[in-house]
Every structure is written in structure tokens, then in C-alpha cells.
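> Please find start.cif (mmCIF, C-alpha atoms) on the next line:
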data_entry
loop_
_atom_site.label_atom_id
_atom_site.label_comp_id
_atom_site.auth_asym_id
_atom_site.auth_seq_id
_atom_site.Cartn_x
_atom_site.Cartn_y
_atom_site.Cartn_z
CA MET A 1 5.17 -1.92 -44.20
CA ARG A 2 8.04 -3.97 -42.70
CA LEU A 3 9.24 -0.97 -40.71
CA SER A 4 5.73 -0.38 -39.32
CA LEU A 5 5.40 -4.03 -38.32
CA LEU A 6 8.82 -3.99 -36.67
CA ALA A 7 7.95 -0.79 -34.78
CA LEU A 8 4.71 -2.36 -33.59
CA VAL A 9 6.52 -5.48 -32.37
CA LEU A 10 9.02 -3.32 -30.47
CA VAL A 11 6.47 -0.92 -28.98
CA LEU A 12 3.85 -3.41 -27.76
CA PRO A 13 5.93 -4.89 -24.91
CA LEU A 14 6.91 -1.39 -23.78
CA ALA A 15 3.29 -0.25 -23.93
CA GLY A 16 2.30 -3.23 -21.79
CA ALA A 17 4.92 -2.39 -19.19
CA LEU A 18 3.97 1.27 -19.13
CA SER A 19 0.26 0.52 -18.88
CA ALA A 20 0.89 -1.22 -15.57
CA CYS A 21 2.44 2.03 -14.37
CA GLU A 22 -0.19 4.51 -15.36
CA GLY A 23 -3.21 5.13 -13.19
CA ASN A 24 -6.36 3.72 -14.76
CA SER A 25 -4.44 2.15 -17.63
CA PHE A 26 -6.26 1.37 -20.83
CA PHE A 27 -4.68 -2.09 -20.88
CA GLY A 28 -6.20 -3.63 -17.83
CA GLU A 29 -8.33 -3.92 -14.83
CA PRO A 30 -7.14 -3.07 -11.37
CA ARG A 31 -5.20 -5.91 -9.71
CA LEU A 32 -7.02 -5.80 -6.41
CA ARG A 33 -5.95 -7.80 -3.42
CA ALA A 34 -8.11 -8.07 -0.31
CA ASP A 35 -6.60 -9.45 2.87
CA THR A 36 -6.84 -9.25 6.63
CA VAL A 37 -3.68 -8.73 8.64
CA SER A 38 -3.11 -9.03 12.37
CA LEU A 39 -0.35 -6.80 13.65
CA ALA A 40 1.14 -5.89 17.01
CA ALA A 41 3.43 -3.34 18.54
CA PRO A 42 6.97 -4.77 18.94
CA THR A 43 6.58 -4.64 22.73
CA SER A 44 3.51 -6.93 22.76
CA ALA A 45 3.65 -10.51 23.97
CA THR A 46 2.41 -11.87 20.61
CA THR A 47 4.35 -13.18 17.64
CA PHE A 48 2.34 -11.07 15.16
CA ALA A 49 4.14 -9.05 12.53
CA THR A 50 4.68 -5.41 13.49
CA ALA A 51 4.29 -3.78 10.08
CA ILE A 52 2.52 -3.91 6.75
CA ASP A 53 4.22 -3.84 3.34
CA LEU A 54 2.18 -2.65 0.34
CA VAL A 55 4.95 -2.94 -2.25
CA PRO A 56 4.32 -6.01 -4.44
CA GLN A 57 6.57 -8.93 -3.51
CA GLY A 58 5.12 -11.21 -6.18
CA LEU A 59 1.54 -12.39 -6.47
CA GLY A 60 0.15 -13.33 -3.10
CA GLY A 61 3.31 -12.35 -1.23
CA PRO A 62 2.89 -11.53 2.45
CA LEU A 63 1.67 -8.12 3.51
CA GLU A 64 3.01 -8.61 7.01
CA SER A 65 6.57 -7.55 7.79
CA PHE A 66 8.98 -7.66 10.73
CA PRO A 67 11.11 -4.48 10.43
CA GLU A 68 12.96 -5.44 13.61
CA THR A 69 14.70 -8.22 11.64
CA PRO A 70 17.54 -7.64 9.15
CA ALA A 71 15.53 -9.19 6.28
CA ASP A 72 12.63 -6.73 6.65
CA ALA A 73 14.46 -3.70 8.08
CA ASP A 74 13.64 -1.52 5.07
CA ARG A 75 10.82 -3.58 3.53
CA TYR A 76 7.66 -2.14 5.00
CA ASP A 77 5.36 0.85 4.71
CA PHE A 78 3.56 1.22 8.05
CA SER A 79 4.55 -0.02 11.50
CA VAL A 80 2.35 -0.43 14.56
CA ARG A 81 3.59 1.40 17.64
CA GLN A 82 2.15 2.18 21.04
CA VAL A 83 2.31 5.86 21.92
CA GLY A 84 0.88 7.04 25.23
CA GLY A 85 -1.25 3.92 25.62
CA GLN A 86 -2.72 4.24 22.11
CA LEU A 87 -1.83 2.19 19.04
CA VAL A 88 -0.76 4.14 15.95
CA LEU A 89 0.31 3.36 12.39
CA ARG A 90 3.56 5.11 11.59
CA PRO A 91 4.58 5.56 7.92
CA PHE A 92 8.10 4.49 6.95
CA VAL A 93 10.50 6.88 5.20
CA PRO A 94 13.66 5.04 4.06
CA VAL A 95 16.99 6.37 5.32
CA GLY A 96 18.42 8.90 2.88
CA SER A 97 15.07 9.45 1.17
CA THR A 98 12.83 12.49 1.19
CA SER A 99 9.70 10.47 0.40
CA GLY A 100 8.17 7.38 1.90
CA ALA A 101 4.83 5.85 2.75
CA GLU A 102 1.90 8.14 3.53
CA ILE A 103 -1.40 7.66 5.32
CA GLY A 104 -4.64 9.55 5.91
CA ARG A 105 -7.88 8.96 7.72
CA THR A 106 -11.10 9.31 5.77
CA SER A 107 -14.72 9.72 6.83
CA ARG A 108 -15.80 7.63 3.83
CA ASP A 109 -17.09 4.13 4.48
CA PHE A 110 -14.58 1.37 3.70
CA ASP A 111 -16.86 -0.46 1.26
CA ALA A 112 -17.96 2.78 -0.48
CA LEU A 113 -14.36 3.96 -1.03
CA ARG A 114 -13.78 2.98 -4.66
CA GLU A 115 -10.72 5.10 -5.41
CA ALA A 116 -7.86 6.47 -3.32
CA PRO A 117 -7.18 10.17 -3.71
CA ARG A 118 -4.04 11.20 -5.58
CA SER A 119 -3.62 14.58 -3.89
CA GLY A 120 -0.76 14.76 -1.42
CA ALA A 121 -2.98 16.93 0.78
CA ASP A 122 -5.00 13.80 1.66
CA TYR A 123 -1.96 12.00 3.09
CA GLY A 124 0.71 12.65 5.67
CA ASP A 125 3.87 11.05 6.95
CA GLU A 126 2.96 11.40 10.64
CA ALA A 127 1.70 8.52 12.78
CA VAL A 128 -2.10 8.23 12.92
CA PRO A 129 -4.03 6.85 15.90
CA LEU A 130 -5.86 3.59 15.21
CA VAL A 131 -9.59 3.69 15.95
CA LEU A 132 -11.94 0.69 15.79
CA ASN A 133 -13.98 0.68 12.54
CA ALA A 134 -12.11 3.72 11.16
CA THR A 135 -11.07 3.76 7.49
CA TYR A 136 -7.62 4.86 6.32
CA ILE A 137 -6.14 5.59 2.89
CA MET A 138 -2.56 4.52 2.26
CA ARG A 139 0.11 5.15 -0.31
CA SER A 140 3.25 2.99 -0.27
CA ARG A 141 6.83 4.16 -0.33
CA PRO A 142 8.10 4.65 -3.90
CA TRP A 143 9.26 1.51 -5.72
CA SER A 144 10.32 0.65 -9.25
CA ASN A 145 8.86 -1.89 -11.63
CA GLY A 146 11.95 -1.62 -13.85
CA VAL A 147 10.41 1.03 -16.09
CA GLN A 148 9.31 3.83 -13.79
CA ARG A 149 8.80 4.90 -10.19
CA CYS A 150 5.56 3.59 -8.70
CA GLN A 151 3.44 3.72 -5.57
CA THR A 152 0.77 1.30 -4.38
CA TYR A 153 -2.61 2.65 -3.24
CA ALA A 154 -4.68 0.93 -0.54
CA LYS A 155 -7.48 1.32 1.94
CA ALA A 156 -7.64 -0.24 5.41
CA LYS A 157 -10.28 -0.62 8.09
CA VAL A 158 -9.58 -1.42 11.74
CA THR A 159 -11.67 -4.54 12.43
CA ALA A 160 -10.27 -5.37 15.89
CA LEU A 161 -8.24 -3.33 18.34
CA ASP A 162 -6.83 -4.28 21.74
CA ALA A 163 -4.66 -1.51 23.18
CA ALA A 164 -3.85 -3.55 26.31
CA ALA A 165 -2.55 -6.50 24.24
CA GLN A 166 -1.08 -4.02 21.71
CA THR A 167 -2.74 -5.79 18.75
CA VAL A 168 -4.80 -4.66 15.78
CA SER A 169 -6.50 -6.37 12.84
CA LEU A 170 -6.90 -4.56 9.54
CA ALA A 171 -9.04 -5.38 6.52
CA VAL A 172 -6.92 -4.20 3.59
CA VAL A 173 -7.66 -3.73 -0.12
CA LEU A 174 -4.75 -2.70 -2.31
CA ASN A 175 -4.20 -2.32 -6.03
CA GLU A 176 -0.98 -4.07 -7.08
CA ASN A 177 -0.79 -2.05 -10.33
CA CYS A 178 1.75 0.72 -10.37
CA ASP A 179 0.19 4.10 -9.53
CA ASP A 180 -3.36 2.82 -9.94
CA GLU A 181 -5.65 4.38 -7.35
CA ARG A 182 -8.72 2.22 -8.14
CA LEU A 183 -9.75 0.17 -5.11
CA ALA A 184 -12.89 -1.50 -6.48
CA ASP A 185 -13.89 -3.25 -9.71
#
Show me the file's structure as C-alpha cells.

Amino acid sequence: MRLSLLALVLVLPLAGALSACEGNSFFGEPRLRADTVSLAAPTSATTFATAIDLVPQGLGGPLESFPETPADADRYDFSVRQVGGQLVLRPFVPVGSTSGAEIGRTSRDFDALREAPRSGADYGDEAVPLVLNATYIMRSRPWSNGVQRCQTYAKAKVTALDAAAQTVSLAVVLNENCDDERLAD
């Protein structure tokens, strides 16, 4: 009896940590975060951030990132760039890594998209053109919660786009749980 109680006391904290890492964990609801971010290409005249970071930086931490600065140089997932007069989102792959952030465009409506796909075939590591009102699925670069390797799943919709000013606004919903693809309650 004592041994069983001791085992239970030791296993419960580990089970809690692991449940945050498993998709659709039995221990909790998705930790959804909805936000709107305004981003710009680094060559724009604005002071907007130039990238978005999906990796949790603490509850309510900023999604916006400035990879051109030393503090954020490797702390982002997707950067805005202007290529041939068109704005694109370019996934970040850390130096020395074979895997990084991935993105895909979906024909599904932003509000109807309740779950991000897990299949790698739905994502790519190439830059994608930004189109007004288009919906994108995103998977962050790998990160660790101290127990296992994780990725953050998200969806984004382009709500404003100005190629001349090199700016874009995105409505973003992400699940801060490790490897949890649910994007709606």
C-alpha cells in the first residue's frame, strides 16, 4: 500500500508534464491564444516587428519578434519579406538544424478550421505569398518543455495587406500546449 501511494505521488507530476506534451491530452483543454499582429518587411518605413514567434515565451508573451536584433536573432518562426513586389512569410530553420518552422496555405475558412493537420505533407519550409483573407496553417520550430521535444500549432488569416508599405496584419490563433493541434474549444 505504501509503495503504491509513493509511486502515485512520484508519477502524477510526470504525468502532468507529459500530458502537456501529447496532442489532445486527457489532462486538459487546449490553451488557445488569439491575437492580431502587425508585421512589416525589414525594408519598410514602419517600426513594426518583422517576424512572428509561436514558441511559448510565458503566458501572454509577445508573438512579434525582431530577428534583425541580437536578442531575437534565433527566436522566431516566420519572417515577413518582400520578394518581387509581393510580401511572403518565410519559415525559419535554425542554423545547424535540419528542422524548423513550417507553413501551408489551406482552402478552409479560418473560423471553421478547428484542428491543424499533423501530416508533414500539409506544410513546407518554403516562403508562401501572403494573400488578403487567405488562411494559413503553421507549425513552430521544435522547442523543449524540459521533458520532450514540442511544436506549436497555429492558424493565421491575412486581415490587412499593403504591399507598397510592406505591411501585413494577421489574425492568429495558436495552441500553447506542446504538440496539441486543436485550434478551437
> Would you mind telling me which residue in A:Leu63, A:Cys178, A:Leu54, A:Leu183 lies nearest to Val37 of chain A when using all atoms listed in the file?
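For Val37 of chain A, the nearest of the candidates is A:Leu63.
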> Spell out the residues picked by the PyMOL selection byres ((chain A and resi 90) around 7) here, as a PDB file with C-alpha atoms, keeping the file's coordinate frame.

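The result, stored in part07.pdb:
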ATOM      1  CA  PHE A  78       3.560   1.220   8.050  1.00  0.00           C
ATOM      2  CA  SER A  79       4.550  -0.020  11.500  1.00  0.00           C
ATOM      3  CA  VAL A  80       2.350  -0.430  14.560  1.00  0.00           C
ATOM      4  CA  VAL A  88      -0.760   4.140  15.950  1.00  0.00           C
ATOM      5  CA  LEU A  89       0.310   3.360  12.390  1.00  0.00           C
ATOM      6  CA  PRO A  91       4.580   5.560   7.920  1.00  0.00           C
ATOM      7  CA  PHE A  92       8.100   4.490   6.950  1.00  0.00           C
ATOM      8  CA  GLU A 126       2.960  11.400  10.640  1.00  0.00           C
ATOM      9  CA  ALA A 127       1.700   8.520  12.780  1.00  0.00           C
ATOM     10  CA  VAL A 128      -2.100   8.230  12.920  1.00  0.00           C
TER      11      VAL A 128
END
> Would you list the contacts of segment 105-113 of chain A as JSON, numbers by chain, taking every protein, DNA or RNA residue within 10 Å and counting only C-alpha atoms, but skipping same-chain residues closer than 3 positions in sequence?
{"A": [116, 117, 122, 123, 124, 128, 129, 130, 131, 133, 134, 135, 136, 137, 138, 155, 156, 157, 158, 171, 172, 173, 182, 183, 184]}
> Can you work out which one of A:Glu102, A:Asp72, A:Asp185, A:Glu176 has the shortest atom-to-atom distance to Ser119 of chain A, counting only C-alpha atoms?
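Checking each candidate against Ser119 of chain A, we get A:Glu102 as the closest.
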> I want to know what sits within 8 Å of Ala51 of chain A, based on all atoms listed in the file, with residues of the same chain fewer than 3 positions away left out; could you give that as a PDB file with C-alpha atoms, in the frame of the given file?

ATOM      1  CA  LEU A  39      -0.350  -6.800  13.650  1.00  0.00           C
ATOM      2  CA  ALA A  40       1.140  -5.890  17.010  1.00  0.00           C
ATOM      3  CA  GLU A  64       3.010  -8.610   7.010  1.00  0.00           C
ATOM      4  CA  SER A  65       6.570  -7.550   7.790  1.00  0.00           C
ATOM      5  CA  PHE A  66       8.980  -7.660  10.730  1.00  0.00           C
ATOM      6  CA  PRO A  67      11.110  -4.480  10.430  1.00  0.00           C
ATOM      7  CA  TYR A  76       7.660  -2.140   5.000  1.00  0.00           C
ATOM      8  CA  ASP A  77       5.360   0.850   4.710  1.00  0.00           C
ATOM      9  CA  PHE A  78       3.560   1.220   8.050  1.00  0.00           C
ATOM     10  CA  SER A  79       4.550  -0.020  11.500  1.00  0.00           C
ATOM     11  CA  VAL A  80       2.350  -0.430  14.560  1.00  0.00           C
TER      12      VAL A  80
END
> Compile the contact shell of Ser99 of chain A as a PyMOL selection string: residues with an atom at most 7 Å away, counting only C-alpha atoms, same-chain residues fewer than 2 positions apart removed.
chain A and resi 93+97+141
> Save out the residues we just selected, C-alpha atoms, as a PDB file, keeping the file's coordinate frame.

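Dumped everything to result.pdb:
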ATOM      1  CA  VAL A  93      10.500   6.880   5.200  1.00  0.00           C
ATOM      2  CA  SER A  97      15.070   9.450   1.170  1.00  0.00           C
ATOM      3  CA  ARG A 141       6.830   4.160  -0.330  1.00  0.00           C
TER       4      ARG A 141
END
> Just give me the gap between atom CA of Ala71 of chain A and atom CA of Pro56 of chain A in Å, one decimal is fine.
15.8 Å
> Report, as lines of an AutoDock Vina configuration file, the centre and edge lengths in Å (one decimal) of the axis-aligned box enclosing every listed atom of segment 66-71 of chain A, padded by 3 Å on each side.

center_x = 13.3
center_y = -6.8
center_z = 9.9
size_x = 14.6
size_y = 10.7
size_z = 13.3
> Would you mind reading off the distance between atom CA of Gln151 of chain A and atom CA of Arg31 of chain A, one decimal, in Å?
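It comes out at 13.6 Å.
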> Hey, can you check how far atom CA of Val55 of chain A sits from atom CA of Ser140 of chain A?
6.5 Å
> Nearest to Ile52 of chain A: which of A:Ser169, A:Gly120, A:Leu161, A:Asn175 is it, counting all atoms listed in the file?
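Of A:Ser169, A:Gly120, A:Leu161, A:Asn175, the one nearest Ile52 of chain A is A:Ser169, counting all atoms listed in the file.
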> Find, counting all atoms listed in the file, the residue in A:Arg139, A:Asn145, A:Glu29, A:Leu132 that gets nearest to Thr159 of chain A.
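Counting all atoms listed in the file, the residue closest to Thr159 of chain A is A:Leu132.
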> Counting all atoms listed in the file, find the residues whose atoms lie at most 12 Å from (3.0, -12.3, 20.0) (file coordinates) and write them out as an MDAnalysis selection string.
chainID A and resid 38:50 66 165:168
> Identify which of the residues A:Ala121, A:Ala154, A:Leu87, A:Val147 lies closest to Pro30 of chain A, counting only C-alpha atoms when measuring atom-to-atom distances.
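Under the stated criterion, the closest residue is A:Ala154.
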> Some atoms are absent from segment 100-111 of chain A, so rebuild all heavy atoms and return them as a CSV table (one decimal), in the coordinates of the input.

chain,number,residue,atom,x,y,z
A,100,GLY,N,8.4,8.7,1.4
A,100,GLY,CA,8.2,7.4,1.9
A,100,GLY,C,6.7,7.1,1.9
A,100,GLY,O,5.9,7.8,1.1
A,101,ALA,N,6.2,6.2,2.7
A,101,ALA,CA,4.8,5.8,2.8
A,101,ALA,C,4.1,7.0,3.4
A,101,ALA,O,4.6,7.8,4.1
A,101,ALA,CB,4.6,4.6,3.6
A,102,GLU,N,2.8,7.1,3.0
A,102,GLU,CA,1.9,8.1,3.5
A,102,GLU,C,0.5,7.5,3.9
A,102,GLU,O,0.1,6.6,3.3
A,102,GLU,CB,1.7,9.2,2.5
A,102,GLU,CG,3.0,9.9,2.1
A,102,GLU,CD,2.8,10.9,0.9
A,102,GLU,OE1,2.3,10.4,-0.1
A,102,GLU,OE2,3.1,12.0,1.1
A,103,ILE,N,-0.1,8.2,4.9
A,103,ILE,CA,-1.4,7.7,5.3
A,103,ILE,C,-2.3,8.8,5.6
A,103,ILE,O,-1.9,9.9,6.0
A,103,ILE,CB,-1.2,6.8,6.6
A,103,ILE,CG1,-2.5,6.0,6.9
A,103,ILE,CG2,-0.7,7.6,7.7
A,103,ILE,CD1,-2.3,4.9,7.9
A,104,GLY,N,-3.6,8.6,5.5
A,104,GLY,CA,-4.6,9.6,5.9
A,104,GLY,C,-5.9,8.8,6.4
A,104,GLY,O,-6.1,7.7,6.1
A,105,ARG,N,-6.6,9.5,7.2
A,105,ARG,CA,-7.9,9.0,7.7
A,105,ARG,C,-9.0,9.6,6.9
A,105,ARG,O,-8.9,10.8,6.6
A,105,ARG,CB,-8.1,9.3,9.2
A,105,ARG,CG,-9.3,8.6,9.8
A,105,ARG,CD,-9.3,8.5,11.2
A,105,ARG,NE,-10.6,8.1,11.7
A,105,ARG,CZ,-11.1,8.2,12.9
A,105,ARG,NH1,-10.4,8.8,13.8
A,105,ARG,NH2,-12.3,7.7,13.2
A,106,THR,N,-10.0,8.8,6.6
A,106,THR,CA,-11.1,9.3,5.8
A,106,THR,C,-12.4,9.0,6.5
A,106,THR,O,-12.5,8.1,7.2
A,106,THR,CB,-11.1,8.7,4.4
A,106,THR,OG1,-12.2,9.2,3.6
A,106,THR,CG2,-11.2,7.2,4.4
A,107,SER,N,-13.4,9.9,6.3
A,107,SER,CA,-14.7,9.7,6.8
A,107,SER,C,-15.6,8.8,5.9
A,107,SER,O,-16.7,8.4,6.3
A,107,SER,CB,-15.4,11.1,7.0
A,107,SER,OG,-15.5,11.7,5.8
A,108,ARG,N,-15.0,8.5,4.8
A,108,ARG,CA,-15.8,7.6,3.8
A,108,ARG,C,-15.8,6.2,4.4
A,108,ARG,O,-14.9,5.7,5.0
A,108,ARG,CB,-15.1,7.6,2.5
A,108,ARG,CG,-15.1,9.1,1.9
A,108,ARG,CD,-15.3,9.3,0.5
A,108,ARG,NE,-16.0,8.4,-0.3
A,108,ARG,CZ,-15.6,8.1,-1.5
A,108,ARG,NH1,-14.5,8.6,-2.0
A,108,ARG,NH2,-16.3,7.2,-2.2
A,109,ASP,N,-16.9,5.5,4.1
A,109,ASP,CA,-17.1,4.1,4.5
A,109,ASP,C,-16.1,3.2,3.7
A,109,ASP,O,-15.9,3.5,2.5
A,109,ASP,CB,-18.6,3.7,4.2
A,109,ASP,CG,-18.8,2.3,4.6
A,109,ASP,OD1,-18.8,1.9,5.8
A,109,ASP,OD2,-19.0,1.5,3.7
A,110,PHE,N,-15.6,2.3,4.3
A,110,PHE,CA,-14.6,1.4,3.7
A,110,PHE,C,-15.1,0.8,2.4
A,110,PHE,O,-14.4,0.8,1.4
A,110,PHE,CB,-14.2,0.3,4.7
A,110,PHE,CG,-13.2,-0.7,4.2
A,110,PHE,CD1,-11.8,-0.4,4.2
A,110,PHE,CD2,-13.6,-2.0,3.7
A,110,PHE,CE1,-10.9,-1.3,3.7
A,110,PHE,CE2,-12.6,-2.9,3.3
A,110,PHE,CZ,-11.3,-2.5,3.2
A,111,ASP,N,-16.3,0.2,2.4
A,111,ASP,CA,-16.9,-0.5,1.3
A,111,ASP,C,-17.2,0.5,0.2
A,111,ASP,O,-17.2,0.2,-1.0
A,111,ASP,CB,-18.1,-1.3,1.6
A,111,ASP,CG,-17.7,-2.5,2.5
A,111,ASP,OD1,-16.6,-3.0,2.3
A,111,ASP,OD2,-18.5,-2.8,3.4
